[in-house]
>>> print(open('coords-v3.cif').read())   # mmCIF, C-alpha atoms
data_final
#
loop_
_atom_site.label_atom_id
_atom_site.label_comp_id
_atom_site.auth_asym_id
_atom_site.auth_seq_id
_atom_site.Cartn_x
_atom_site.Cartn_y
_atom_site.Cartn_z
CA MET J 1 128.55 159.12 126.05
CA LYS J 2 128.25 162.91 125.82
CA ARG J 3 129.16 162.80 122.11
CA PHE J 4 126.60 160.06 121.54
CA LEU J 5 123.80 162.04 123.23
CA THR J 6 124.73 165.27 121.43
CA LEU J 7 124.75 163.56 118.04
CA LEU J 8 121.55 161.69 118.93
CA LYS J 9 119.84 165.02 119.64
CA ILE J 10 120.98 166.51 116.33
CA GLU J 11 120.13 163.45 114.24
CA GLY J 12 116.83 163.12 116.10
CA LYS J 13 115.80 166.63 115.03
CA ILE J 14 116.68 165.78 111.43
CA ALA J 15 114.63 162.59 111.64
CA VAL J 16 111.60 164.43 113.03
CA ARG J 17 111.73 166.92 110.18
CA GLY J 18 111.61 164.02 107.70
CA ILE J 19 107.96 163.15 108.29
CA ASP J 20 108.04 160.06 106.03
CA GLY J 21 109.52 157.78 108.70
CA ILE J 22 107.04 158.94 111.34
CA PHE J 23 104.06 158.65 108.99
CA PHE J 24 104.83 155.16 107.64
CA GLY J 25 106.32 153.87 110.90
CA VAL J 26 103.86 155.26 113.46
CA PHE J 27 100.74 156.93 112.06
CA MET J 28 99.98 154.35 109.37
CA PRO J 29 100.07 151.20 111.58
CA VAL J 30 98.10 152.97 114.33
CA GLY J 31 95.49 154.00 111.75
CA ILE J 32 95.26 150.43 110.45
CA ALA J 33 94.90 149.14 114.03
CA ILE J 34 91.99 151.52 114.65
CA LEU J 35 90.27 150.46 111.41
CA ILE J 36 90.70 146.77 112.19
CA GLY J 37 89.41 147.26 115.71
CA PHE J 38 86.23 149.03 114.62
CA ILE J 39 85.48 146.92 111.54
CA CYS J 40 86.33 143.34 112.51
CA GLY J 41 88.09 143.29 115.87
CA ASP J 42 85.92 140.57 117.50
CA LYS J 43 85.48 138.46 114.38
CA PRO J 44 87.53 135.26 113.89
CA ALA J 45 90.78 135.83 112.01
CA TYR J 46 89.56 133.37 109.38
CA GLU J 47 86.86 130.72 109.15
CA GLY J 48 87.31 128.25 112.00
CA ALA J 49 90.05 130.27 113.75
CA ALA J 50 90.29 130.06 117.55
CA TYR J 51 91.46 133.66 117.82
CA THR J 52 90.09 137.00 116.70
CA PHE J 53 91.16 139.28 113.88
CA LEU J 54 92.41 141.77 116.47
CA GLU J 55 94.57 139.19 118.24
CA ALA J 56 96.12 138.13 114.95
CA SER J 57 96.70 141.72 113.84
CA PHE J 58 98.62 143.06 116.85
CA PRO J 59 101.87 141.07 116.42
CA ALA J 60 101.76 141.79 112.69
CA LEU J 61 101.12 145.52 112.91
CA ILE J 62 104.00 146.20 115.30
CA THR J 63 106.38 144.98 112.59
CA VAL J 64 105.31 147.83 110.28
CA GLY J 65 107.50 150.23 112.25
CA ILE J 66 110.39 147.77 112.09
CA CYS J 67 109.89 147.29 108.35
CA ALA J 68 109.80 151.04 107.65
CA THR J 69 112.95 151.82 109.61
CA ALA J 70 114.89 148.71 108.57
CA PHE J 71 114.29 148.94 104.82
CA MET J 72 113.84 152.67 104.32
CA GLY J 73 115.30 154.51 107.32
CA ILE J 74 118.70 152.89 107.91
CA PRO J 75 119.76 152.07 104.31
CA LEU J 76 118.61 155.35 102.77
CA GLY J 77 120.03 157.43 105.62
CA LEU J 78 123.47 155.83 105.42
CA SER J 79 123.51 155.84 101.61
CA ASP J 80 122.65 159.53 101.62
CA TYR J 81 125.50 160.23 104.05
CA ARG J 82 127.87 158.21 101.87
CA ASP J 83 126.79 160.08 98.72
CA LYS J 84 127.32 163.45 100.41
CA LYS J 85 130.73 162.34 101.78
CA ILE J 86 129.48 162.88 105.32
CA LEU J 87 130.79 159.47 106.44
CA LYS J 88 134.21 160.32 105.04
CA HIS J 89 134.28 163.74 106.69
CA PHE J 90 133.53 162.26 110.10
CA PHE J 91 137.02 160.74 110.10
CA VAL J 92 138.49 164.18 110.86
CA THR J 93 136.01 165.07 113.61
CA PRO J 94 135.83 163.99 117.27
CA VAL J 95 132.81 161.87 116.30
CA SER J 96 133.78 158.54 114.75
CA PRO J 97 131.82 157.04 111.84
CA MET J 98 130.98 154.05 114.07
CA LEU J 99 129.35 156.40 116.56
CA LEU J 100 127.29 157.87 113.73
CA LEU J 101 126.09 154.38 112.82
CA MET J 102 125.14 153.68 116.44
CA VAL J 103 123.13 156.90 116.54
CA GLN J 104 121.32 155.99 113.31
CA VAL J 105 120.38 152.58 114.70
CA ALA J 106 119.28 154.13 118.01
CA ILE J 107 117.01 156.68 116.29
CA ASN J 108 115.36 154.06 114.12
CA PHE J 109 114.98 151.74 117.12
CA LEU J 110 113.21 154.51 119.05
CA ASN J 111 110.91 155.06 116.09
CA SER J 112 110.02 151.34 116.02
CA LEU J 113 109.50 151.31 119.79
CA VAL J 114 107.17 154.32 119.67
CA SER J 115 105.20 152.64 116.88
CA ALA J 116 104.82 149.35 118.79
CA THR J 117 103.89 151.14 122.03
CA ALA J 118 101.27 153.31 120.31
CA ILE J 119 99.65 150.26 118.69
CA LEU J 120 99.63 148.38 122.00
CA LEU J 121 98.02 151.29 123.85
CA VAL J 122 95.32 151.74 121.20
CA MET J 123 94.48 148.04 121.06
CA LYS J 124 94.54 147.57 124.82
CA PHE J 125 92.64 150.63 126.03
CA VAL J 126 90.31 151.16 123.06
CA PHE J 127 89.54 147.60 122.00
CA GLY J 128 90.42 145.59 125.12
CA TYR J 129 93.23 143.53 123.60
CA ARG J 130 94.92 141.01 125.90
CA MET J 131 97.90 138.84 125.05
CA ARG J 132 97.28 135.13 125.57
CA GLY J 133 100.88 133.98 125.51
CA SER J 134 104.11 134.90 127.26
CA LYS J 135 104.80 138.64 127.43
CA ILE J 136 108.50 138.05 128.16
CA GLY J 137 108.80 135.58 125.30
CA PHE J 138 107.04 138.04 123.01
CA LEU J 139 109.46 140.80 124.03
CA PHE J 140 112.48 138.64 123.21
CA ALA J 141 110.87 137.64 119.90
CA TYR J 142 110.29 141.32 119.07
CA ILE J 143 113.95 142.13 119.76
CA LEU J 144 115.08 139.17 117.63
CA VAL J 145 112.89 140.23 114.72
CA LEU J 146 114.11 143.82 115.04
CA ILE J 147 117.77 142.75 115.07
CA SER J 148 117.21 140.49 112.05
CA MET J 149 115.48 143.17 110.00
CA TYR J 150 118.02 145.83 110.99
CA ALA J 151 120.81 143.44 110.00
CA LEU J 152 119.23 143.17 106.54
CA GLY J 153 118.88 146.96 106.42
CA MET J 154 122.57 147.40 107.27
CA MET J 155 123.41 144.80 104.62
CA LEU J 156 121.51 146.82 102.01
CA ALA J 157 123.31 149.97 103.16
CA SER J 158 126.63 148.16 102.71
CA LEU J 159 125.88 146.68 99.28
CA CYS J 160 124.21 149.74 97.71
CA ARG J 161 126.95 152.24 96.88
CA THR J 162 124.77 155.18 95.85
CA LEU J 163 121.53 156.71 97.10
CA LYS J 164 119.75 156.06 93.79
CA VAL J 165 120.57 152.37 93.87
CA ALA J 166 119.64 152.13 97.55
CA ASN J 167 116.32 153.89 96.90
CA LEU J 168 115.41 151.48 94.10
CA VAL J 169 116.49 148.32 95.94
CA CYS J 170 114.87 149.30 99.22
CA THR J 171 111.59 150.16 97.48
CA LEU J 172 111.56 146.77 95.70
CA ILE J 173 112.10 145.03 99.04
CA TYR J 174 110.04 147.24 101.34
CA PHE J 175 106.64 147.09 99.63
CA PRO J 176 106.50 143.31 99.02
CA MET J 177 107.67 142.80 102.61
CA LEU J 178 105.00 145.22 103.86
CA PHE J 179 102.03 143.79 101.97
CA LEU J 180 102.83 140.07 101.54
CA SER J 181 104.39 139.17 104.90
CA GLY J 182 101.15 139.71 106.83
CA ALA J 183 102.23 143.03 108.33
CA THR J 184 99.25 144.91 106.88
CA ILE J 185 97.17 142.31 105.01
CA PRO J 186 96.58 139.20 107.20
CA TYR J 187 98.66 136.26 106.00
CA GLU J 188 95.79 133.84 106.66
CA ILE J 189 93.48 135.40 104.05
CA LEU J 190 96.06 135.38 101.25
CA PRO J 191 95.55 132.84 98.44
CA GLN J 192 97.59 129.64 98.74
CA ALA J 193 100.02 130.65 95.98
CA LEU J 194 100.73 134.02 97.64
CA GLN J 195 101.24 132.33 101.01
CA LYS J 196 103.93 130.11 99.49
CA ALA J 197 105.61 133.15 97.97
CA ALA J 198 105.28 135.10 101.23
CA ASN J 199 106.99 132.31 103.20
CA ILE J 200 110.23 133.23 101.44
CA LEU J 201 110.19 136.70 103.02
CA PRO J 202 112.09 136.93 106.34
CA LEU J 203 109.47 139.23 107.86
CA THR J 204 106.78 136.57 107.28
CA GLN J 205 108.72 134.22 109.52
CA GLY J 206 109.23 137.01 112.03
CA ILE J 207 105.49 137.65 112.22
CA LYS J 208 104.85 133.92 112.64
CA LEU J 209 107.28 133.96 115.56
CA LEU J 210 105.57 136.96 117.18
CA LYS J 211 102.14 135.38 116.69
CA GLY J 212 103.37 132.15 118.24
CA PHE J 213 104.41 133.92 121.44
CA SER J 214 101.47 136.33 121.56
CA MET J 215 98.88 133.56 121.24
CA GLY J 216 100.72 130.89 123.23
CA THR J 217 101.07 128.26 120.52
CA GLY J 218 103.32 125.21 120.80
CA LYS J 219 107.10 125.25 120.70
CA THR J 220 107.17 123.44 117.36
CA GLU J 221 105.39 126.39 115.71
CA ILE J 222 108.01 128.91 116.82
CA LEU J 223 111.11 126.75 116.38
CA VAL J 224 111.54 127.13 112.61
CA PRO J 225 110.83 130.92 112.56
CA SER J 226 113.30 131.35 115.45
CA ILE J 227 116.05 129.51 113.57
CA ILE J 228 115.35 131.53 110.42
CA MET J 229 115.46 134.84 112.31
CA ILE J 230 118.76 133.96 114.00
CA THR J 231 120.24 132.86 110.65
CA VAL J 232 119.08 136.04 108.91
CA ALA J 233 120.51 138.21 111.70
CA ALA J 234 123.88 136.44 111.61
CA ALA J 235 124.12 136.53 107.81
CA GLY J 236 123.09 140.19 107.63
CA ILE J 237 125.60 141.28 110.28
CA ILE J 238 128.49 139.32 108.72
CA ILE J 239 127.83 140.65 105.21
CA SER J 240 127.38 144.19 106.54
CA ILE J 241 130.76 144.11 108.26
CA LYS J 242 132.59 142.61 105.30
CA LYS J 243 131.05 144.79 102.60
CA PHE J 244 130.58 148.15 104.36
CA ARG J 245 132.47 151.11 102.89
CA TRP J 246 132.70 154.61 104.34
CA GLU J 247 132.92 156.20 100.88
#
>>> encode(input="coords-v3.cif", output="structure tokens")
Amino acid sequence: MKRFLTLLKIEGKIAVRGIDGIFFGVFMPVGIAILIGFICGDKPAYEGAAYTFLEASFPALITVGICATAFMGIPLGLSDYRDKKILKHFFVTPVSPMLLLMVQVAINFLNSLVSATAILLVMKFVFGYRMRGSKIGFLFAYILVLISMYALGMMLASLCRTLKVANLVCTLIYFPMLFLSGATIPYEILPQALQKAANILPLTQGIKLLKGFSMGTGKTEILVPSIIMITVAAAGIIISIKKFRWE
């Protein structure tokens, strides 16, 4: 435990110095939340909707932090360590490579948690947001979405052997996931063709699951996204374990 905390402190300082993760994972979604709140917070999410734009935006915006850490933080961090032979060198130190992986996941999880908490505080105390559905169910859904996305991030880290390849692949996945899944641009206002394309993205299903719990919709509306998230998590973890290489 002492080794874990020591390494967590060191890696945490490195993460703070790399402002990209904090900007895209925390500042950007909070800024979007503030803009949405002031511009169209009390308006219906779309014509005929029974809920407001603000209510629809909260479960989507908290996935921005997950998306940033899952598809940029974890894969690029591990690929960089592999390129620099840091993973290999850890074999001859008291810190095991597995412990290094746990620390990386913990740091990115904390980043996602800070992002979600900041968005919740802004929406609740500035714009009066209240969750209609089950808070406990929403929490479990958030954890499931986080595990699923992190499993995909670990899978990318396992399949991409170099930092250059990881950078290219993660960029091609991150931005479509960010803008088409509903994380930043509401899914409901997308054209029909884009909605069909967006449904392929795992994060789209994750946001649907979070919205289902946050707004208290029926069980049938959260069943399919739940199954998809569990399947994605299982597939990502299995592939990550089988394909991961330390060097």
>>> residues_around(input="coords-v3.cif", residues="region 36-42 of chain J", least_positions_apart="4", cutoff="6 Å", atoms="all atoms listed in the file", output="VMD selection string")
chain J and resid 52 to 54
>>> resolve_selection(input="coords-v3.cif", expression="the PyMOL selection byres ((chain J and resi 108) around 12)", output="PyMOL selection string")
chain J and resi 8+11-12+15-16+21-22+25-26+65-77+101-107+109-115+146-147+149-150+153-154
>>> closest_residue(input="coords-v3.cif", among="J:Leu180, J:Met155, J:Cys170, J:Leu210", to="Ala235 (chain J)", atoms="all atoms listed in the file")
J:Met155
>>> closest_residue(input="coords-v3.cif", among="J:Val122, J:Ala50, J:Met28, J:Val169", to="Thr63 (chain J)", atoms="only C-alpha atoms")
J:Met28
>>> resolve_selection(input="coords-v3.cif", expression="the PyMOL selection byres ((chain J and resi 33) around 12)", output="ChimeraX atom specification")
/J:26-32,34-41,53-62,64,115-116,118-124,126-127,129,183-185
>>> residues_near_point(input="coords-v3.cif", point="(126.9, 164.4, 118.2)", cutoff="10 Å", atoms="only C-alpha atoms", output="PyMOL selection string")
chain J and resi 1-11+94-96+99-100+103
>>> closest_residue(input="coords-v3.cif", among="J:Arg245, J:Gln205, J:Val165, J:Ile237", to="Val224 (chain J)", atoms="all atoms listed in the file")
J:Gln205
>>> closest_residue(input="coords-v3.cif", among="J:Ile230, J:Leu139, J:Ile241, J:Leu78", to="Lys211 (chain J)", atoms="only C-alpha atoms")
J:Leu139
>>> atom_distance(input="coords-v3.cif", atom1="CA of Leu172 (chain J)", atom2="CA of Leu201 (chain J)")
12.5 Å
>>> resolve_selection(input="coords-v3.cif", expression="the PyMOL selection byres ((chain J and resi 239) around 10)", output="PyMOL selection string")
chain J and resi 151-152+154-156+158-159+234-238+240-244
>>> atom_distance(input="coords-v3.cif", atom1="CA of Ile136 (chain J)", atom2="CA of Tyr174 (chain J)")
28.4 Å
>>> residues_around(input="coords-v3.cif", residues="Ala198 (chain J)", least_positions_apart="4", cutoff="12 Å", atoms="all atoms listed in the file", output="PyMOL selection string")
chain J and resi 176-183+185-188+190-194+202-208
>>> residues_around(input="coords-v3.cif", residues="Pro225 (chain J)", least_positions_apart="2", cutoff="6 Å", atoms="all atoms listed in the file", output="PyMOL selection string")
chain J and resi 205+209+222-223+227-228
>>> closest_residue(input="coords-v3.cif", among="J:Trp246, J:Phe138, J:Tyr51, J:Phe23", to="Gly212 (chain J)", atoms="all atoms listed in the file")
J:Phe138
>>> atom_distance(input="coords-v3.cif", atom1="CA of Met215 (chain J)", atom2="CA of Ser148 (chain J)")
21.6 Å
>>> residues_around(input="coords-v3.cif", residues="Lys84 (chain J)", least_positions_apart="6", cutoff="10 Å", atoms="all atoms listed in the file", output="count of residues only")
4
>>> closest_residue(input="coords-v3.cif", among="J:Ala233, J:Ile189, J:Phe140, J:Ser134", to="Pro44 (chain J)", atoms="all atoms listed in the file")
J:Ile189
>>> decode(input="coords-v3.cif", residues="region 60-160 of chain J", atoms="C-alpha atoms", output="PDB file, in the first residue's frame")
ATOM      1  CA  ALA J  60     -23.973  13.498 -20.973  1.00  0.00           C
ATOM      2  CA  LEU J  61     -21.453  16.074 -19.782  1.00  0.00           C
ATOM      3  CA  ILE J  62     -20.095  13.924 -16.956  1.00  0.00           C
ATOM      4  CA  THR J  63     -18.949  11.411 -19.581  1.00  0.00           C
ATOM      5  CA  VAL J  64     -16.586  13.990 -21.106  1.00  0.00           C
ATOM      6  CA  GLY J  65     -14.117  13.384 -18.280  1.00  0.00           C
ATOM      7  CA  ILE J  66     -14.442   9.625 -18.763  1.00  0.00           C
ATOM      8  CA  CYS J  67     -13.949   9.982 -22.518  1.00  0.00           C
ATOM      9  CA  ALA J  68     -10.843  12.156 -22.135  1.00  0.00           C
ATOM     10  CA  THR J  69      -9.131   9.852 -19.656  1.00  0.00           C
ATOM     11  CA  ALA J  70     -10.213   6.579 -21.276  1.00  0.00           C
ATOM     12  CA  PHE J  71      -9.218   7.406 -24.854  1.00  0.00           C
ATOM     13  CA  MET J  72      -6.373   9.860 -24.333  1.00  0.00           C
ATOM     14  CA  GLY J  73      -5.055   9.500 -20.778  1.00  0.00           C
ATOM     15  CA  ILE J  74      -4.671   5.739 -20.251  1.00  0.00           C
ATOM     16  CA  PRO J  75      -3.652   4.593 -23.772  1.00  0.00           C
ATOM     17  CA  LEU J  76      -1.229   7.441 -24.452  1.00  0.00           C
ATOM     18  CA  GLY J  77       0.302   7.247 -20.975  1.00  0.00           C
ATOM     19  CA  LEU J  78       0.958   3.511 -21.190  1.00  0.00           C
ATOM     20  CA  SER J  79       2.147   3.687 -24.802  1.00  0.00           C
ATOM     21  CA  ASP J  80       4.584   6.435 -23.853  1.00  0.00           C
ATOM     22  CA  TYR J  81       5.928   4.312 -20.987  1.00  0.00           C
ATOM     23  CA  ARG J  82       6.278   1.349 -23.331  1.00  0.00           C
ATOM     24  CA  ASP J  83       8.128   3.443 -25.939  1.00  0.00           C
ATOM     25  CA  LYS J  84      10.543   4.760 -23.313  1.00  0.00           C
ATOM     26  CA  LYS J  85      11.092   1.238 -21.892  1.00  0.00           C
ATOM     27  CA  ILE J  86       9.767   2.386 -18.528  1.00  0.00           C
ATOM     28  CA  LEU J  87       7.454  -0.641 -18.260  1.00  0.00           C
ATOM     29  CA  LYS J  88      10.382  -2.950 -18.927  1.00  0.00           C
ATOM     30  CA  HIS J  89      12.603  -1.213 -16.381  1.00  0.00           C
ATOM     31  CA  PHE J  90       9.998  -1.578 -13.649  1.00  0.00           C
ATOM     32  CA  PHE J  91      10.685  -5.329 -13.640  1.00  0.00           C
ATOM     33  CA  VAL J  92      13.953  -4.696 -11.760  1.00  0.00           C
ATOM     34  CA  THR J  93      12.478  -2.281  -9.208  1.00  0.00           C
ATOM     35  CA  PRO J  94      10.418  -2.920  -6.056  1.00  0.00           C
ATOM     36  CA  VAL J  95       7.418  -1.524  -7.961  1.00  0.00           C
ATOM     37  CA  SER J  96       5.799  -4.082 -10.246  1.00  0.00           C
ATOM     38  CA  PRO J  97       4.450  -3.115 -13.689  1.00  0.00           C
ATOM     39  CA  MET J  98       0.965  -4.180 -12.518  1.00  0.00           C
ATOM     40  CA  LEU J  99       1.179  -1.663  -9.686  1.00  0.00           C
ATOM     41  CA  LEU J 100       2.091   1.013 -12.224  1.00  0.00           C
ATOM     42  CA  LEU J 101      -1.027   0.142 -14.225  1.00  0.00           C
ATOM     43  CA  MET J 102      -3.188   0.358 -11.102  1.00  0.00           C
ATOM     44  CA  VAL J 103      -1.770   3.794 -10.347  1.00  0.00           C
ATOM     45  CA  GLN J 104      -2.474   4.979 -13.906  1.00  0.00           C
ATOM     46  CA  VAL J 105      -6.083   3.805 -13.668  1.00  0.00           C
ATOM     47  CA  ALA J 106      -6.471   5.405 -10.218  1.00  0.00           C
ATOM     48  CA  ILE J 107      -5.158   8.793 -11.417  1.00  0.00           C
ATOM     49  CA  ASN J 108      -7.449   8.839 -14.432  1.00  0.00           C
ATOM     50  CA  PHE J 109     -10.383   7.718 -12.281  1.00  0.00           C
ATOM     51  CA  LEU J 110      -9.753  10.614  -9.883  1.00  0.00           C
ATOM     52  CA  ASN J 111      -9.653  12.996 -12.840  1.00  0.00           C
ATOM     53  CA  SER J 112     -13.034  11.688 -14.066  1.00  0.00           C
ATOM     54  CA  LEU J 113     -14.486  11.910 -10.555  1.00  0.00           C
ATOM     55  CA  VAL J 114     -13.334  15.517 -10.113  1.00  0.00           C
ATOM     56  CA  SER J 115     -14.871  16.375 -13.489  1.00  0.00           C
ATOM     57  CA  ALA J 116     -18.240  14.780 -12.643  1.00  0.00           C
ATOM     58  CA  THR J 117     -18.319  16.372  -9.175  1.00  0.00           C
ATOM     59  CA  ALA J 118     -17.501  19.838 -10.534  1.00  0.00           C
ATOM     60  CA  ILE J 119     -20.274  19.596 -13.138  1.00  0.00           C
ATOM     61  CA  LEU J 120     -22.774  18.406 -10.524  1.00  0.00           C
ATOM     62  CA  LEU J 121     -21.920  21.249  -8.147  1.00  0.00           C
ATOM     63  CA  VAL J 122     -22.208  23.882 -10.882  1.00  0.00           C
ATOM     64  CA  MET J 123     -25.526  22.557 -12.165  1.00  0.00           C
ATOM     65  CA  LYS J 124     -27.009  22.053  -8.711  1.00  0.00           C
ATOM     66  CA  PHE J 125     -25.997  25.257  -6.931  1.00  0.00           C
ATOM     67  CA  VAL J 126     -25.928  27.650  -9.899  1.00  0.00           C
ATOM     68  CA  PHE J 127     -28.818  26.387 -12.009  1.00  0.00           C
ATOM     69  CA  GLY J 128     -30.873  24.383  -9.502  1.00  0.00           C
ATOM     70  CA  TYR J 129     -30.519  20.988 -11.177  1.00  0.00           C
ATOM     71  CA  ARG J 130     -32.293  18.069  -9.485  1.00  0.00           C
ATOM     72  CA  MET J 131     -32.132  14.442 -10.532  1.00  0.00           C
ATOM     73  CA  ARG J 132     -35.542  12.889 -11.163  1.00  0.00           C
ATOM     74  CA  GLY J 133     -34.489   9.250 -11.087  1.00  0.00           C
ATOM     75  CA  SER J 134     -32.556   6.976  -8.754  1.00  0.00           C
ATOM     76  CA  LYS J 135     -29.298   8.446  -7.457  1.00  0.00           C
ATOM     77  CA  ILE J 136     -27.996   5.003  -6.467  1.00  0.00           C
ATOM     78  CA  GLY J 137     -28.901   3.549  -9.844  1.00  0.00           C
ATOM     79  CA  PHE J 138     -27.218   6.488 -11.549  1.00  0.00           C
ATOM     80  CA  LEU J 139     -24.052   5.937  -9.495  1.00  0.00           C
ATOM     81  CA  PHE J 140     -23.879   2.272 -10.500  1.00  0.00           C
ATOM     82  CA  ALA J 141     -24.522   3.241 -14.128  1.00  0.00           C
ATOM     83  CA  TYR J 142     -21.692   5.793 -13.957  1.00  0.00           C
ATOM     84  CA  ILE J 143     -19.298   3.156 -12.613  1.00  0.00           C
ATOM     85  CA  LEU J 144     -20.367   0.689 -15.328  1.00  0.00           C
ATOM     86  CA  VAL J 145     -19.828   3.260 -18.078  1.00  0.00           C
ATOM     87  CA  LEU J 146     -16.446   4.198 -16.601  1.00  0.00           C
ATOM     88  CA  ILE J 147     -15.322   0.558 -16.419  1.00  0.00           C
ATOM     89  CA  SER J 148     -16.484  -0.058 -19.995  1.00  0.00           C
ATOM     90  CA  MET J 149     -14.686   2.963 -21.412  1.00  0.00           C
ATOM     91  CA  TYR J 150     -11.533   2.262 -19.398  1.00  0.00           C
ATOM     92  CA  ALA J 151     -11.606  -1.332 -20.665  1.00  0.00           C
ATOM     93  CA  LEU J 152     -11.615   0.028 -24.224  1.00  0.00           C
ATOM     94  CA  GLY J 153      -8.785   2.403 -23.313  1.00  0.00           C
ATOM     95  CA  MET J 154      -6.713  -0.472 -21.919  1.00  0.00           C
ATOM     96  CA  MET J 155      -7.496  -2.462 -25.062  1.00  0.00           C
ATOM     97  CA  LEU J 156      -6.135   0.369 -27.215  1.00  0.00           C
ATOM     98  CA  ALA J 157      -3.045   0.540 -25.010  1.00  0.00           C
ATOM     99  CA  SER J 158      -2.542  -3.200 -25.533  1.00  0.00           C
ATOM    100  CA  LEU J 159      -3.068  -3.206 -29.301  1.00  0.00           C
ATOM    101  CA  CYS J 160      -1.075  -0.046 -30.145  1.00  0.00           C
TER     102      CYS J 160
END
